[in-house]
file my_file21.cif (mmCIF, C-alpha atoms)
data_coords
loop_
_atom_site.label_atom_id
_atom_site.label_comp_id
_atom_site.auth_asym_id
_atom_site.auth_seq_id
_atom_site.Cartn_x
_atom_site.Cartn_y
_atom_site.Cartn_z
CA MET A 1 217.40 12.98 126.28
CA VAL A 2 214.31 11.75 128.13
CA ILE A 3 211.53 10.95 125.67
CA ASP A 4 207.81 10.67 126.48
CA MET A 5 208.16 9.70 130.14
CA LEU A 6 205.43 12.12 131.25
CA ASN A 7 202.61 9.71 130.58
CA PRO A 8 199.29 9.46 132.47
CA TYR A 9 199.01 5.76 131.48
CA ARG A 10 195.35 6.06 130.58
CA HIS A 11 195.38 4.69 127.06
CA GLU A 12 194.73 1.44 125.26
CA ASP A 13 198.21 -0.04 125.65
CA ALA A 14 199.00 1.52 129.04
CA GLU A 15 199.22 -1.74 130.99
CA PRO A 16 201.96 -3.48 128.99
CA LEU A 17 203.83 -0.20 128.64
CA ALA A 18 203.67 0.48 132.38
CA GLU A 19 205.04 -3.02 133.05
CA SER A 20 208.01 -2.26 130.81
CA VAL A 21 208.54 1.18 132.33
CA ALA A 22 208.51 -0.28 135.84
CA GLY A 23 211.65 -2.21 134.95
CA MET A 24 213.56 0.78 133.60
CA VAL A 25 212.53 3.76 135.72
CA GLY A 26 215.21 2.97 138.34
CA PRO A 27 218.17 2.97 135.92
CA LEU A 28 216.74 6.02 134.14
CA SER A 29 216.28 7.91 137.40
CA ARG A 30 219.87 7.17 138.41
CA LEU A 31 221.14 8.33 135.01
CA ILE A 32 219.15 11.58 135.28
CA ASP A 33 220.59 12.13 138.76
CA ARG A 34 224.12 11.66 137.40
CA VAL A 35 223.51 14.32 134.74
CA ARG A 36 222.04 16.69 137.34
CA ARG A 37 225.13 16.21 139.51
CA GLY A 38 227.32 17.19 136.57
CA GLU A 39 228.77 13.79 135.72
CA GLY A 40 229.74 13.39 132.09
CA LYS A 41 231.42 15.84 129.80
CA GLU A 42 229.19 18.77 129.01
CA ALA A 43 226.00 16.75 129.41
CA LEU A 44 222.75 18.55 128.68
CA LEU A 45 219.54 17.05 130.01
CA VAL A 46 216.64 17.57 127.61
CA TYR A 47 213.11 16.25 128.03
CA VAL A 48 211.03 15.87 124.89
CA ASN A 49 207.47 14.82 125.53
CA ASP A 50 204.33 14.23 123.53
CA ASN A 51 201.74 16.89 124.26
CA HIS A 52 198.97 14.30 123.74
CA GLY A 53 197.16 16.61 121.31
CA ASP A 54 196.87 19.48 123.79
CA PHE A 55 198.66 22.31 122.02
CA SER A 56 198.13 24.68 124.93
CA ALA A 57 199.70 22.31 127.46
CA THR A 58 202.74 23.62 129.30
CA ARG A 59 205.49 21.59 130.96
CA GLU A 60 203.62 22.03 134.24
CA ASP A 61 200.38 20.77 132.67
CA LEU A 62 202.07 17.64 131.29
CA VAL A 63 203.82 16.93 134.60
CA ALA A 64 200.58 17.39 136.56
CA ALA A 65 198.57 15.18 134.20
CA ALA A 66 201.20 12.44 134.41
CA CYS A 67 201.54 12.65 138.20
CA GLU A 68 197.74 12.55 138.57
CA GLY A 69 197.48 9.65 136.13
CA ALA A 70 197.20 5.94 136.76
CA ARG A 71 200.91 5.38 137.57
CA PRO A 72 202.46 8.35 139.39
CA ASP A 73 205.08 5.93 140.77
CA LEU A 74 206.54 5.71 137.26
CA VAL A 75 206.56 9.47 136.76
CA GLU A 76 207.61 11.03 140.06
CA PRO A 77 211.20 9.67 140.04
CA ILE A 78 211.93 11.32 136.68
CA VAL A 79 210.01 14.63 136.80
CA PRO A 80 212.07 17.32 135.08
CA ALA A 81 213.58 20.06 137.22
CA SER A 82 212.32 23.54 136.48
CA ASP A 83 215.68 24.56 134.98
CA CYS A 84 215.81 21.58 132.60
CA ALA A 85 215.29 22.00 128.86
CA PHE A 86 211.81 20.82 127.91
CA LEU A 87 210.36 20.54 124.41
CA PRO A 88 206.84 19.40 123.54
CA LYS A 89 206.42 17.17 120.49
CA VAL A 90 203.49 15.91 118.49
CA ARG A 91 204.87 13.00 116.48
CA HIS A 92 207.17 10.03 117.03
CA SER A 93 210.57 11.63 116.50
CA ALA A 94 211.84 14.09 119.10
CA PHE A 95 213.27 16.09 116.18
CA TYR A 96 210.08 16.39 114.13
CA GLY A 97 208.54 19.84 114.49
CA THR A 98 210.68 20.76 117.54
CA SER A 99 213.69 22.98 118.13
CA LEU A 100 215.74 20.00 119.35
CA GLU A 101 218.37 20.16 116.61
CA TYR A 102 218.92 23.85 117.33
CA VAL A 103 219.18 23.27 121.09
CA LEU A 104 221.71 20.46 120.63
CA SER A 105 223.80 22.37 118.09
CA ARG A 106 223.72 25.57 120.16
CA ASN A 107 225.13 23.60 123.12
CA GLY A 108 227.82 21.85 121.08
CA ILE A 109 226.29 18.41 121.57
CA GLU A 110 227.67 15.73 119.24
CA ARG A 111 226.30 12.60 120.92
CA VAL A 112 222.75 11.95 122.09
CA VAL A 113 221.79 9.42 124.72
CA LEU A 114 218.21 8.34 124.07
CA THR A 115 216.08 7.17 126.99
CA GLY A 116 212.36 6.77 127.59
CA GLN A 117 209.50 5.19 125.73
CA VAL A 118 208.64 3.53 123.34
CA THR A 119 211.77 1.71 122.08
CA GLU A 120 210.20 0.45 118.85
CA GLN A 121 208.52 3.75 118.11
CA CYS A 122 209.70 7.12 119.41
CA ILE A 123 213.18 5.98 120.45
CA LEU A 124 213.79 4.26 117.09
CA TYR A 125 212.52 7.21 115.02
CA THR A 126 214.48 9.71 117.10
CA ALA A 127 217.61 7.59 116.69
CA LEU A 128 217.18 7.63 112.91
CA ASP A 129 216.64 11.38 112.85
CA ALA A 130 219.71 11.90 115.07
CA TYR A 131 221.79 9.64 112.83
CA VAL A 132 220.84 11.46 109.61
CA ARG A 133 221.77 14.73 111.36
CA HIS A 134 225.23 13.31 112.11
CA PHE A 135 224.83 12.94 115.86
CA GLU A 136 226.40 9.93 117.54
CA VAL A 137 223.67 7.83 119.15
CA GLN A 138 223.82 5.91 122.40
CA VAL A 139 220.89 3.97 123.84
CA PRO A 140 220.95 2.45 127.31
CA ARG A 141 218.94 -0.75 126.93
CA ASP A 142 217.89 -0.66 130.58
CA ALA A 143 216.57 2.92 130.32
CA VAL A 144 214.13 2.42 127.45
CA ALA A 145 210.71 0.77 127.56
CA ALA A 146 209.02 -1.26 124.85
CA LEU A 147 205.39 -2.10 124.27
CA HIS A 148 206.41 -5.39 122.68
CA PRO A 149 209.65 -6.88 124.04
CA ASP A 150 210.50 -8.63 120.76
CA LEU A 151 210.02 -5.43 118.75
CA GLY A 152 211.98 -3.48 121.35
CA GLU A 153 214.92 -5.86 120.94
CA ALA A 154 214.60 -5.68 117.15
CA ALA A 155 214.58 -1.88 117.32
CA LEU A 156 217.74 -1.87 119.44
CA ARG A 157 219.41 -4.18 116.92
CA MET A 158 218.31 -1.96 114.03
CA MET A 159 219.71 1.11 115.78
CA GLU A 160 222.98 -0.70 116.39
CA LEU A 161 223.37 -2.05 112.85
CA ASN A 162 221.78 0.64 110.72
CA MET A 163 222.54 3.78 112.72
CA HIS A 164 225.77 2.68 114.39
CA ALA A 165 224.16 3.34 117.77
CA GLU A 166 226.06 2.22 120.81
CA ILE A 167 223.74 0.01 122.89
CA VAL A 168 224.91 0.01 126.52
CA ASP A 169 223.64 -0.19 130.10
CA ALA A 170 222.68 3.11 131.76
CA ASP A 171 225.66 2.85 134.11
CA ALA A 172 227.99 3.03 131.07
CA CYS A 173 226.53 6.30 129.80
CA LEU A 174 228.34 9.61 130.28
CA ARG A 175 231.73 7.93 130.58
#

call {"tool": "encode", "arguments": {"input": "my_file21.cif", "output": "structure tokens"}}
result
Amino acid sequence: MVIDMLNPYRHEDAEPLAESVAGMVGPLSRLIDRVRRGEGKEALLVYVNDNHGDFSATREDLVAAACEGARPDLVEPIVPASDCAFLPKVRHSAFYGTSLEYVLSRNGIERVVLTGQVTEQCILYTALDAYVRHFEVQVPRDAVAALHPDLGEAALRMMELNMHAEIVDADACLR
């Protein structure tokens, strides 16, 4: 699952977030490529992205806005393919108000790998919602971005301890 990576980086905390994303976009891009090549057992690539309050925005609109934003270099390596599942969201959790649970269940998914931004917000809340829905949770620490490094580390620890999430490197995912 790729969460909130289609970001135009034109907001109050864009600079520190972009710095964090710059360090993880490589591992995330490689992980996405592995899924696209069919590595991993029955892996399903799903993008869930904030619609930034534009309820008429399509996938194409969100991709275009992000690619035309302040940091296209952080977006272009991870743009979703046209045949990839894509769900817009409006709140922190990728499950809240979306059909994500249905999509995962329909495809027989039992474990979710959470990637994207922001570790201490959307990743953490999605991990909790996945856990309470009885999905196994895996988070590659090098494929998530935090606004605040200390809170990002605390969020990873909370996911590990409270939600039994497996915290790994991106290279260890899908194995």

call {"tool": "residues_around", "arguments": {"input": "my_file21.cif", "residues": "A:Ser105", "least_positions_apart": "5", "cutoff": "12 Å", "atoms": "only C-alpha atoms", "output": "ChimeraX atom specification"}}
result
/A:44,99-100,110-112,130,133-135

call {"tool": "resolve_selection", "arguments": {"input": "my_file21.cif", "expression": "the PyMOL selection byres ((chain A and resi 29) around 12)", "output": "tab-separated table (two decimals) with C-alpha atoms, keeping the file's coordinate frame"}}
result
chain	number	residue	atom	x	y	z
A	2	VAL	CA	214.31	11.75	128.13
A	5	MET	CA	208.16	9.70	130.14
A	21	VAL	CA	208.54	1.18	132.33
A	22	ALA	CA	208.51	-0.28	135.84
A	23	GLY	CA	211.65	-2.21	134.95
A	24	MET	CA	213.56	0.78	133.60
A	25	VAL	CA	212.53	3.76	135.72
A	26	GLY	CA	215.21	2.97	138.34
A	27	PRO	CA	218.17	2.97	135.92
A	28	LEU	CA	216.74	6.02	134.14
A	30	ARG	CA	219.87	7.17	138.41
A	31	LEU	CA	221.14	8.33	135.01
A	32	ILE	CA	219.15	11.58	135.28
A	33	ASP	CA	220.59	12.13	138.76
A	34	ARG	CA	224.12	11.66	137.40
A	35	VAL	CA	223.51	14.32	134.74
A	36	ARG	CA	222.04	16.69	137.34
A	73	ASP	CA	205.08	5.93	140.77
A	74	LEU	CA	206.54	5.71	137.26
A	75	VAL	CA	206.56	9.47	136.76
A	76	GLU	CA	207.61	11.03	140.06
A	77	PRO	CA	211.20	9.67	140.04
A	78	ILE	CA	211.93	11.32	136.68
A	79	VAL	CA	210.01	14.63	136.80
A	80	PRO	CA	212.07	17.32	135.08
A	115	THR	CA	216.08	7.17	126.99
A	116	GLY	CA	212.36	6.77	127.59
A	142	ASP	CA	217.89	-0.66	130.58
A	143	ALA	CA	216.57	2.92	130.32
A	144	VAL	CA	214.13	2.42	127.45
A	170	ALA	CA	222.68	3.11	131.76
A	171	ASP	CA	225.66	2.85	134.11

call {"tool": "atom_distance", "arguments": {"input": "my_file21.cif", "atom1": "atom CA of A:Ser20", "atom2": "atom CA of A:Met1"}}
result
18.5 Å

call {"tool": "residues_around", "arguments": {"input": "my_file21.cif", "residues": "A:Leu147", "least_positions_apart": "4", "cutoff": "7 Å", "atoms": "only C-alpha atoms", "output": "PyMOL selection string"}}
result
chain A and resi 16-17+118

call {"tool": "atom_distance", "arguments": {"input": "my_file21.cif", "atom1": "atom CA of A:Asn107", "atom2": "atom CA of A:Glu42"}}
result
8.6 Å

call {"tool": "build_atoms", "arguments": {"input": "my_file21.cif", "residues": "stretch 110-129 of chain A", "atoms": "N, CA, C and O atoms", "output": "short mmCIF file (atom, residue, chain, number, x, y, z; two decimals), keeping the file's coordinate frame"}}
result
data_model
loop_
_atom_site.label_atom_id
_atom_site.label_comp_id
_atom_site.auth_asym_id
_atom_site.auth_seq_id
_atom_site.Cartn_x
_atom_site.Cartn_y
_atom_site.Cartn_z
N GLU A 110 227.36 16.58 120.39
CA GLU A 110 227.67 15.73 119.24
C GLU A 110 227.12 14.32 119.40
O GLU A 110 227.00 13.59 118.42
N ARG A 111 226.82 13.94 120.65
CA ARG A 111 226.30 12.60 120.92
C ARG A 111 225.02 12.72 121.73
O ARG A 111 224.96 13.48 122.70
N VAL A 112 224.00 11.97 121.33
CA VAL A 112 222.75 11.95 122.09
C VAL A 112 222.60 10.59 122.74
O VAL A 112 222.91 9.56 122.15
N VAL A 113 222.12 10.62 123.98
CA VAL A 113 221.79 9.42 124.72
C VAL A 113 220.27 9.39 124.79
O VAL A 113 219.66 10.29 125.38
N LEU A 114 219.66 8.40 124.16
CA LEU A 114 218.21 8.34 124.07
C LEU A 114 217.65 7.41 125.14
O LEU A 114 218.01 6.23 125.21
N THR A 115 216.75 7.95 125.95
CA THR A 115 216.08 7.17 126.99
C THR A 115 214.58 7.42 126.90
O THR A 115 214.16 8.40 126.29
N GLY A 116 213.80 6.55 127.51
CA GLY A 116 212.36 6.77 127.59
C GLY A 116 211.55 5.70 126.92
O GLY A 116 211.91 4.54 126.89
N GLN A 117 210.44 6.14 126.32
CA GLN A 117 209.50 5.19 125.73
C GLN A 117 208.99 5.73 124.40
O GLN A 117 208.96 6.92 124.21
N VAL A 118 208.69 4.97 123.49
CA VAL A 118 208.64 3.53 123.34
C VAL A 118 209.80 3.12 122.42
O VAL A 118 209.98 3.72 121.35
N THR A 119 210.55 2.10 122.81
CA THR A 119 211.77 1.71 122.08
C THR A 119 211.51 1.52 120.60
O THR A 119 212.26 2.04 119.77
N GLU A 120 210.47 0.78 120.26
CA GLU A 120 210.20 0.45 118.85
C GLU A 120 209.44 1.54 118.11
O GLU A 120 209.10 1.38 116.94
N GLN A 121 209.19 2.64 118.76
CA GLN A 121 208.52 3.75 118.11
C GLN A 121 209.36 5.02 118.26
O GLN A 121 210.24 5.28 117.47
N CYS A 122 209.09 5.80 119.27
CA CYS A 122 209.70 7.12 119.41
C CYS A 122 211.22 7.07 119.58
O CYS A 122 211.92 7.93 119.05
N ILE A 123 211.73 6.09 120.28
CA ILE A 123 213.18 5.98 120.45
C ILE A 123 213.82 5.64 119.10
O ILE A 123 214.80 6.27 118.68
N LEU A 124 213.27 4.66 118.40
CA LEU A 124 213.79 4.26 117.09
C LEU A 124 213.76 5.42 116.09
O LEU A 124 214.75 5.70 115.41
N TYR A 125 212.65 6.13 116.00
CA TYR A 125 212.52 7.21 115.02
C TYR A 125 213.42 8.40 115.38
O TYR A 125 213.98 9.06 114.51
N THR A 126 213.58 8.65 116.67
CA THR A 126 214.48 9.71 117.10
C THR A 126 215.92 9.33 116.80
O THR A 126 216.73 10.18 116.37
N ALA A 127 216.26 8.06 117.00
CA ALA A 127 217.61 7.59 116.69
C ALA A 127 217.92 7.78 115.21
O ALA A 127 219.01 8.25 114.84
N LEU A 128 216.97 7.44 114.35
CA LEU A 128 217.18 7.63 112.91
C LEU A 128 217.36 9.10 112.58
O LEU A 128 218.29 9.47 111.84
N ASP A 129 216.52 9.95 113.13
CA ASP A 129 216.64 11.38 112.85
C ASP A 129 217.95 11.95 113.40
O ASP A 129 218.55 12.84 112.80
#
